[in-house]
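One file, work_7.cif, carrying mmCIF, N, CA and C atoms:
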```cif
data_entry
#
loop_
_atom_site.group_PDB
_atom_site.id
_atom_site.type_symbol
_atom_site.label_atom_id
_atom_site.label_comp_id
_atom_site.auth_asym_id
_atom_site.auth_seq_id
_atom_site.Cartn_x
_atom_site.Cartn_y
_atom_site.Cartn_z
ATOM 1 N N LEU A 739 0.830 -1.192 0.000
ATOM 2 C CA LEU A 739 0.000 0.000 0.000
ATOM 3 C C LEU A 739 0.872 1.252 0.000
ATOM 4 N N GLU A 740 1.937 1.216 0.780
ATOM 5 C CA GLU A 740 2.804 2.392 0.825
ATOM 6 C C GLU A 740 3.417 2.685 -0.538
ATOM 7 N N ASP A 741 3.790 1.646 -1.271
ATOM 8 C CA ASP A 741 4.345 1.848 -2.613
ATOM 9 C C ASP A 741 3.318 2.510 -3.536
ATOM 10 N N ILE A 742 2.086 2.092 -3.443
ATOM 11 C CA ILE A 742 1.032 2.677 -4.271
ATOM 12 C C ILE A 742 0.854 4.152 -3.928
ATOM 13 N N ILE A 743 0.819 4.469 -2.645
ATOM 14 C CA ILE A 743 0.675 5.863 -2.219
ATOM 15 C C ILE A 743 1.863 6.685 -2.690
ATOM 16 N N THR A 744 3.068 6.137 -2.578
ATOM 17 C CA THR A 744 4.277 6.841 -3.006
ATOM 18 C C THR A 744 4.246 7.145 -4.501
ATOM 19 N N VAL A 745 3.844 6.176 -5.310
ATOM 20 C CA VAL A 745 3.751 6.389 -6.759
ATOM 21 C C VAL A 745 2.693 7.450 -7.063
ATOM 22 N N ALA A 746 1.560 7.371 -6.394
ATOM 23 C CA ALA A 746 0.501 8.361 -6.610
ATOM 24 C C ALA A 746 0.995 9.759 -6.261
ATOM 25 N N GLU A 747 1.682 9.895 -5.146
ATOM 26 C CA GLU A 747 2.217 11.196 -4.741
ATOM 27 C C GLU A 747 3.233 11.707 -5.764
ATOM 28 N N ALA A 748 4.078 10.815 -6.256
ATOM 29 C CA ALA A 748 5.101 11.202 -7.233
ATOM 30 C C ALA A 748 4.480 11.726 -8.521
ATOM 31 N N HIS A 749 3.257 11.296 -8.804
ATOM 32 C CA HIS A 749 2.562 11.740 -10.007
ATOM 33 C C HIS A 749 1.564 12.859 -9.726
ATOM 34 N N GLY A 750 1.614 13.412 -8.532
ATOM 35 C CA GLY A 750 0.745 14.526 -8.194
ATOM 36 C C GLY A 750 -0.704 14.154 -7.939
ATOM 37 N N SER A 751 -0.958 12.887 -7.689
ATOM 38 C CA SER A 751 -2.334 12.436 -7.439
ATOM 39 C C SER A 751 -2.689 12.548 -5.964
ATOM 40 N N ARG A 752 -3.959 12.803 -5.714
ATOM 41 C CA ARG A 752 -4.461 12.766 -4.341
ATOM 42 C C ARG A 752 -4.936 11.345 -4.055
ATOM 43 N N VAL A 753 -4.617 10.873 -2.890
ATOM 44 C CA VAL A 753 -4.967 9.503 -2.515
ATOM 45 C C VAL A 753 -6.151 9.534 -1.555
ATOM 46 N N VAL A 754 -7.147 8.697 -1.867
ATOM 47 C CA VAL A 754 -8.311 8.528 -0.999
ATOM 48 C C VAL A 754 -8.439 7.042 -0.701
ATOM 49 N N ILE A 755 -8.471 6.714 0.567
ATOM 50 C CA ILE A 755 -8.635 5.331 1.001
ATOM 51 C C ILE A 755 -9.969 5.235 1.734
ATOM 52 N N ALA A 756 -10.765 4.232 1.380
ATOM 53 C CA ALA A 756 -12.091 4.102 1.985
ATOM 54 C C ALA A 756 -12.396 2.650 2.323
ATOM 55 N N LEU A 757 -13.056 2.472 3.443
ATOM 56 C CA LEU A 757 -13.618 1.168 3.791
ATOM 57 C C LEU A 757 -15.063 1.190 3.309
ATOM 58 N N PRO A 758 -15.438 0.273 2.430
ATOM 59 C CA PRO A 758 -16.775 0.300 1.834
ATOM 60 C C PRO A 758 -17.858 -0.203 2.790
ATOM 61 N N PRO A 759 -19.110 0.136 2.481
ATOM 62 C CA PRO A 759 -20.225 -0.345 3.303
ATOM 63 C C PRO A 759 -20.315 -1.872 3.294
ATOM 64 N N THR A 760 -20.780 -2.401 4.404
ATOM 65 C CA THR A 760 -20.970 -3.841 4.535
ATOM 66 C C THR A 760 -22.035 -4.110 5.593
ATOM 67 N N LEU A 761 -22.661 -5.267 5.497
ATOM 68 C CA LEU A 761 -23.599 -5.706 6.538
ATOM 69 C C LEU A 761 -22.937 -6.684 7.499
ATOM 70 N N LEU A 762 -21.676 -6.996 7.273
ATOM 71 C CA LEU A 762 -20.987 -8.016 8.060
ATOM 72 C C LEU A 762 -20.507 -7.538 9.420
ATOM 73 N N GLY A 763 -20.553 -6.250 9.667
ATOM 74 C CA GLY A 763 -20.016 -5.734 10.920
ATOM 75 C C GLY A 763 -18.512 -5.538 10.795
ATOM 76 N N GLU A 764 -17.858 -5.497 11.915
ATOM 77 C CA GLU A 764 -16.430 -5.213 11.927
ATOM 78 C C GLU A 764 -15.627 -6.387 11.370
ATOM 79 N N ASP A 765 -14.791 -6.093 10.370
ATOM 80 C CA ASP A 765 -13.929 -7.125 9.781
ATOM 81 C C ASP A 765 -12.867 -7.557 10.788
ATOM 82 N N PRO A 766 -12.460 -8.826 10.751
ATOM 83 C CA PRO A 766 -11.449 -9.320 11.694
ATOM 84 C C PRO A 766 -10.115 -8.563 11.601
ATOM 85 N N GLY A 767 -9.738 -8.073 10.437
ATOM 86 C CA GLY A 767 -8.464 -7.382 10.272
ATOM 87 C C GLY A 767 -8.559 -5.877 10.386
ATOM 88 N N ARG A 768 -9.700 -5.381 10.810
ATOM 89 C CA ARG A 768 -9.942 -3.938 10.848
ATOM 90 C C ARG A 768 -8.903 -3.179 11.667
ATOM 91 N N GLU A 769 -8.632 -3.630 12.860
ATOM 92 C CA GLU A 769 -7.677 -2.932 13.725
ATOM 93 C C GLU A 769 -6.289 -2.900 13.094
ATOM 94 N N HIS A 770 -5.908 -3.971 12.448
ATOM 95 C CA HIS A 770 -4.620 -4.013 11.746
ATOM 96 C C HIS A 770 -4.586 -2.974 10.626
ATOM 97 N N VAL A 771 -5.658 -2.886 9.864
ATOM 98 C CA VAL A 771 -5.733 -1.915 8.767
ATOM 99 C C VAL A 771 -5.671 -0.495 9.315
ATOM 100 N N LEU A 772 -6.412 -0.211 10.358
ATOM 101 C CA LEU A 772 -6.409 1.136 10.936
ATOM 102 C C LEU A 772 -5.036 1.507 11.477
ATOM 103 N N LEU A 773 -4.348 0.572 12.094
ATOM 104 C CA LEU A 773 -2.985 0.818 12.575
ATOM 105 C C LEU A 773 -2.034 1.074 11.418
ATOM 106 N N LEU A 774 -2.150 0.283 10.353
ATOM 107 C CA LEU A 774 -1.329 0.486 9.162
ATOM 108 C C LEU A 774 -1.556 1.889 8.595
ATOM 109 N N LEU A 775 -2.811 2.299 8.477
ATOM 110 C CA LEU A 775 -3.119 3.623 7.945
ATOM 111 C C LEU A 775 -2.591 4.727 8.856
ATOM 112 N N GLU A 776 -2.697 4.528 10.139
ATOM 113 C CA GLU A 776 -2.157 5.510 11.086
ATOM 114 C C GLU A 776 -0.643 5.650 10.905
ATOM 115 N N ASN A 777 0.046 4.534 10.767
ATOM 116 C CA ASN A 777 1.495 4.565 10.560
ATOM 117 C C ASN A 777 1.845 5.231 9.232
ATOM 118 N N LEU A 778 1.094 4.939 8.186
ATOM 119 C CA LEU A 778 1.345 5.538 6.874
ATOM 120 C C LEU A 778 1.094 7.044 6.886
ATOM 121 N N SER A 779 0.172 7.486 7.715
ATOM 122 C CA SER A 779 -0.183 8.906 7.733
ATOM 123 C C SER A 779 0.942 9.785 8.271
ATOM 124 N N THR A 780 1.922 9.200 8.928
ATOM 125 C CA THR A 780 3.036 10.004 9.434
ATOM 126 C C THR A 780 3.967 10.441 8.314
ATOM 127 N N GLY A 781 3.989 9.714 7.201
ATOM 128 C CA GLY A 781 4.880 10.068 6.102
ATOM 129 C C GLY A 781 4.190 10.375 4.798
ATOM 130 N N HIS A 782 2.866 10.268 4.791
ATOM 131 C CA HIS A 782 2.110 10.467 3.551
ATOM 132 C C HIS A 782 0.827 11.232 3.838
ATOM 133 N N VAL A 783 0.332 11.908 2.805
ATOM 134 C CA VAL A 783 -0.933 12.628 2.922
ATOM 135 C C VAL A 783 -1.984 11.878 2.112
ATOM 136 N N PHE A 784 -3.051 11.485 2.774
ATOM 137 C CA PHE A 784 -4.167 10.834 2.092
ATOM 138 C C PHE A 784 -5.438 11.063 2.904
ATOM 139 N N ALA A 785 -6.552 11.007 2.221
ATOM 140 C CA ALA A 785 -7.851 11.087 2.888
ATOM 141 C C ALA A 785 -8.292 9.677 3.234
ATOM 142 N N PHE A 786 -8.922 9.531 4.388
ATOM 143 C CA PHE A 786 -9.436 8.232 4.797
ATOM 144 C C PHE A 786 -10.896 8.373 5.183
ATOM 145 N N HIS A 787 -11.733 7.476 4.656
ATOM 146 C CA HIS A 787 -13.159 7.456 4.971
ATOM 147 C C HIS A 787 -13.549 6.043 5.393
ATOM 148 N N ASP A 788 -14.217 5.950 6.504
ATOM 149 C CA ASP A 788 -14.741 4.662 6.958
ATOM 150 C C ASP A 788 -16.247 4.662 6.738
ATOM 151 N N TRP A 789 -16.660 4.041 5.647
ATOM 152 C CA TRP A 789 -18.075 3.958 5.308
ATOM 153 C C TRP A 789 -18.628 2.558 5.586
ATOM 154 N N SER A 790 -17.921 1.775 6.382
ATOM 155 C CA SER A 790 -18.333 0.391 6.618
ATOM 156 C C SER A 790 -19.707 0.293 7.272
ATOM 157 N N GLU A 791 -20.106 1.298 8.010
ATOM 158 C CA GLU A 791 -21.416 1.298 8.677
ATOM 159 C C GLU A 791 -22.394 2.285 8.035
ATOM 160 N N ALA A 792 -22.108 2.744 6.831
ATOM 161 C CA ALA A 792 -22.889 3.824 6.224
ATOM 162 C C ALA A 792 -24.251 3.398 5.680
ATOM 163 N N LEU A 793 -24.381 2.178 5.241
ATOM 164 C CA LEU A 793 -25.642 1.716 4.641
ATOM 165 C C LEU A 793 -26.100 0.449 5.359
ATOM 166 N N HIS A 794 -27.230 0.549 6.035
ATOM 167 C CA HIS A 794 -27.709 -0.569 6.857
ATOM 168 C C HIS A 794 -28.872 -1.346 6.242
ATOM 169 N N ASP A 795 -29.442 -0.848 5.162
ATOM 170 C CA ASP A 795 -30.621 -1.470 4.568
ATOM 171 C C ASP A 795 -30.219 -2.698 3.748
ATOM 172 N N PRO A 796 -30.621 -3.901 4.153
ATOM 173 C CA PRO A 796 -30.270 -5.117 3.408
ATOM 174 C C PRO A 796 -30.744 -5.098 1.957
ATOM 175 N N ALA A 797 -31.765 -4.302 1.643
ATOM 176 C CA ALA A 797 -32.274 -4.222 0.270
ATOM 177 C C ALA A 797 -31.260 -3.576 -0.670
ATOM 178 N N LEU A 798 -30.222 -2.942 -0.128
ATOM 179 C CA LEU A 798 -29.198 -2.293 -0.944
ATOM 180 C C LEU A 798 -28.021 -3.220 -1.269
ATOM 181 N N TYR A 799 -28.102 -4.466 -0.827
ATOM 182 C CA TYR A 799 -27.001 -5.412 -0.994
ATOM 183 C C TYR A 799 -27.440 -6.622 -1.811
ATOM 184 N N SER A 800 -26.515 -7.127 -2.628
ATOM 185 C CA SER A 800 -26.790 -8.374 -3.346
ATOM 186 C C SER A 800 -26.430 -9.574 -2.473
ATOM 187 N N ASP A 801 -25.556 -9.364 -1.514
ATOM 188 C CA ASP A 801 -25.252 -10.318 -0.451
ATOM 189 C C ASP A 801 -24.802 -9.492 0.745
ATOM 190 N N CYS A 802 -24.277 -10.098 1.761
ATOM 191 C CA CYS A 802 -23.942 -9.357 2.989
ATOM 192 C C CYS A 802 -22.817 -8.344 2.829
ATOM 193 N N ASP A 803 -22.056 -8.446 1.755
ATOM 194 C CA ASP A 803 -20.862 -7.613 1.634
ATOM 195 C C ASP A 803 -20.744 -6.872 0.304
ATOM 196 N N HIS A 804 -21.713 -7.015 -0.592
ATOM 197 C CA HIS A 804 -21.625 -6.389 -1.915
ATOM 198 C C HIS A 804 -22.914 -5.638 -2.234
ATOM 199 N N LEU A 805 -22.749 -4.361 -2.571
ATOM 200 C CA LEU A 805 -23.914 -3.550 -2.919
ATOM 201 C C LEU A 805 -24.515 -3.989 -4.248
ATOM 202 N N ASN A 806 -25.830 -3.900 -4.356
ATOM 203 C CA ASN A 806 -26.502 -4.106 -5.641
ATOM 204 C C ASN A 806 -26.576 -2.755 -6.356
ATOM 205 N N SER A 807 -27.257 -2.681 -7.475
ATOM 206 C CA SER A 807 -27.328 -1.433 -8.246
ATOM 207 C C SER A 807 -27.930 -0.292 -7.430
ATOM 208 N N ALA A 808 -28.993 -0.580 -6.698
ATOM 209 C CA ALA A 808 -29.612 0.457 -5.865
ATOM 210 C C ALA A 808 -28.651 0.917 -4.770
ATOM 211 N N GLY A 809 -27.880 -0.005 -4.224
ATOM 212 C CA GLY A 809 -26.905 0.335 -3.197
ATOM 213 C C GLY A 809 -25.767 1.188 -3.743
ATOM 214 N N VAL A 810 -25.309 0.853 -4.942
ATOM 215 C CA VAL A 810 -24.251 1.651 -5.573
ATOM 216 C C VAL A 810 -24.762 3.061 -5.850
ATOM 217 N N GLN A 811 -26.001 3.157 -6.320
ATOM 218 C CA GLN A 811 -26.581 4.468 -6.590
ATOM 219 C C GLN A 811 -26.681 5.278 -5.301
ATOM 220 N N ARG A 812 -27.154 4.669 -4.229
ATOM 221 C CA ARG A 812 -27.269 5.369 -2.936
ATOM 222 C C ARG A 812 -25.890 5.786 -2.446
ATOM 223 N N LEU A 813 -24.910 4.895 -2.554
ATOM 224 C CA LEU A 813 -23.537 5.212 -2.149
ATOM 225 C C LEU A 813 -23.008 6.410 -2.935
ATOM 226 N N ALA A 814 -23.197 6.390 -4.235
ATOM 227 C CA ALA A 814 -22.693 7.464 -5.088
ATOM 228 C C ALA A 814 -23.362 8.800 -4.760
ATOM 229 N N GLU A 815 -24.673 8.788 -4.626
ATOM 230 C CA GLU A 815 -25.414 10.033 -4.450
ATOM 231 C C GLU A 815 -25.306 10.613 -3.041
ATOM 232 N N GLU A 816 -25.388 9.752 -2.039
ATOM 233 C CA GLU A 816 -25.473 10.242 -0.667
ATOM 234 C C GLU A 816 -24.138 10.276 0.064
ATOM 235 N N ILE A 817 -23.155 9.520 -0.419
ATOM 236 C CA ILE A 817 -21.890 9.432 0.305
ATOM 237 C C ILE A 817 -20.718 9.920 -0.537
ATOM 238 N N LEU A 818 -20.534 9.330 -1.715
ATOM 239 C CA LEU A 818 -19.374 9.685 -2.533
ATOM 240 C C LEU A 818 -19.437 11.114 -3.063
ATOM 241 N N ARG A 819 -20.582 11.495 -3.617
ATOM 242 C CA ARG A 819 -20.688 12.848 -4.198
ATOM 243 C C ARG A 819 -20.381 13.913 -3.147
ATOM 244 N N PRO A 820 -20.994 13.896 -1.962
ATOM 245 C CA PRO A 820 -20.653 14.908 -0.955
ATOM 246 C C PRO A 820 -19.195 14.818 -0.488
ATOM 247 N N ALA A 821 -18.670 13.613 -0.343
ATOM 248 C CA ALA A 821 -17.310 13.439 0.148
ATOM 249 C C ALA A 821 -16.282 13.954 -0.850
ATOM 250 N N LEU A 822 -16.587 13.814 -2.119
ATOM 251 C CA LEU A 822 -15.633 14.204 -3.144
ATOM 252 C C LEU A 822 -15.925 15.581 -3.733
ATOM 253 N N ALA A 823 -16.922 16.258 -3.227
ATOM 254 C CA ALA A 823 -17.269 17.581 -3.743
ATOM 255 C C ALA A 823 -16.044 18.489 -3.680
ATOM 256 N N GLY A 824 -15.733 19.057 -4.803
ATOM 257 C CA GLY A 824 -14.589 19.964 -4.896
ATOM 258 C C GLY A 824 -13.258 19.285 -5.107
ATOM 259 N N ALA A 825 -13.223 17.963 -5.071
ATOM 260 C CA ALA A 825 -11.949 17.246 -5.214
ATOM 261 C C ALA A 825 -11.348 17.407 -6.596
ATOM 262 N N LEU A 826 -12.172 17.651 -7.579
ATOM 263 C CA LEU A 826 -11.671 17.768 -8.952
ATOM 264 C C LEU A 826 -11.508 19.228 -9.385
ATOM 265 N N ASP A 827 -11.755 20.145 -8.477
ATOM 266 C CA ASP A 827 -11.598 21.572 -8.801
ATOM 267 C C ASP A 827 -10.135 21.937 -8.977
#
```

Could you show the structure in this file as C-alpha cells?
Amino acid sequence: LEDIITVAEAHGSRVVIALPPTLLGEDPGREHVLLLLENLSTGHVFAFHDWSEALHDPALYSDCDHLNSAGVQRLAEEILRPALAGALD
C-alpha cells in the first residue's frame, strides 16, 4: 500500500482510502488496517473514509458484503458525491 501511495504522490495524485459499506459488521483485520493507515499517515498525505457502517438497509445489498445497483446508486449520491465535492476543482 505504501508503494502505491508513493507512486501516486510522485505523479501529483491525491490519494483517498475508503472502507466500503458492509452488513458483516467489523472485519477481523480492521484494527490491523487502521494501525497500518495511522502509521502511513506520518509520512504520507491521504484522505481516509470509513463507510463500513454507512448503509444498513439489506435491500441495498446483493449479499452481505456487496452492494446491488440500488446500493451503488445510494452510495454514489449520498456518500461519494458529498465526500468528493470539490476534489476535482

Smallest atom-to-atom distance to Leu805 of chain A: which of A:Gly781, A:Gly763, A:Pro758, A:Gly750, using only C-alpha atoms?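 The answer is A:Pro758, which sits nearest to Leu805 of chain A.
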
Just how far from atom N of His787 of chain A is atom CA of Val745 of chain A, in Å to one decimal? 19.3 Å

Pick out the residues sitting within 6.5 Å of Val754 of chain A, and hand them over as a PyMOL selection string; count all atoms listed in the file, and ignore anything fewer than 5 positions along from it in its own chain. chain A and resi 784-787

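Among the candidates A:Asp803, A:Arg752, A:Glu815, A:Pro820, the one nearest to Val783 of chain A when counting only N, CA and C atoms is A:Arg752.
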
Determine which residues of chain A DSSP labels as strand (DSSP E or B) from the backbone of this structure, then write them out as a compact mmCIF listing (two decimals) with N, CA and C atoms, in the coordinates of the input.
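Written out: result-v5.txt:
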```txt
# COMPACT_ATOMS: atom_id res chain seq x y z
N VAL A 754 -7.15 8.70 -1.87
CA VAL A 754 -8.31 8.53 -1.00
C VAL A 754 -8.44 7.04 -0.70
N ILE A 755 -8.47 6.71 0.57
CA ILE A 755 -8.64 5.33 1.00
C ILE A 755 -9.97 5.24 1.73
N ALA A 756 -10.76 4.23 1.38
CA ALA A 756 -12.09 4.10 1.98
C ALA A 756 -12.40 2.65 2.32
N LEU A 757 -13.06 2.47 3.44
CA LEU A 757 -13.62 1.17 3.79
C LEU A 757 -15.06 1.19 3.31
N ALA A 785 -6.55 11.01 2.22
CA ALA A 785 -7.85 11.09 2.89
C ALA A 785 -8.29 9.68 3.23
N PHE A 786 -8.92 9.53 4.39
CA PHE A 786 -9.44 8.23 4.80
C PHE A 786 -10.90 8.37 5.18
N HIS A 787 -11.73 7.48 4.66
CA HIS A 787 -13.16 7.46 4.97
C HIS A 787 -13.55 6.04 5.39
N ASP A 788 -14.22 5.95 6.50
CA ASP A 788 -14.74 4.66 6.96
C ASP A 788 -16.25 4.66 6.74
N TYR A 799 -28.10 -4.47 -0.83
CA TYR A 799 -27.00 -5.41 -0.99
C TYR A 799 -27.44 -6.62 -1.81
N LEU A 805 -22.75 -4.36 -2.57
CA LEU A 805 -23.91 -3.55 -2.92
C LEU A 805 -24.52 -3.99 -4.25
```

Hey, what comes out of the PyMOL selection byres ((chain A and resi 798) around 6.5) on this file? Could you write it as a PyMOL selection string? chain A and resi 795-797+799-800+804-810

Nearest-residue call for Asp788 of chain A, choices A:Leu773, A:Leu757, A:Leu818, A:Asp765, using only C-alpha atoms: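 Closest candidate: A:Leu757.
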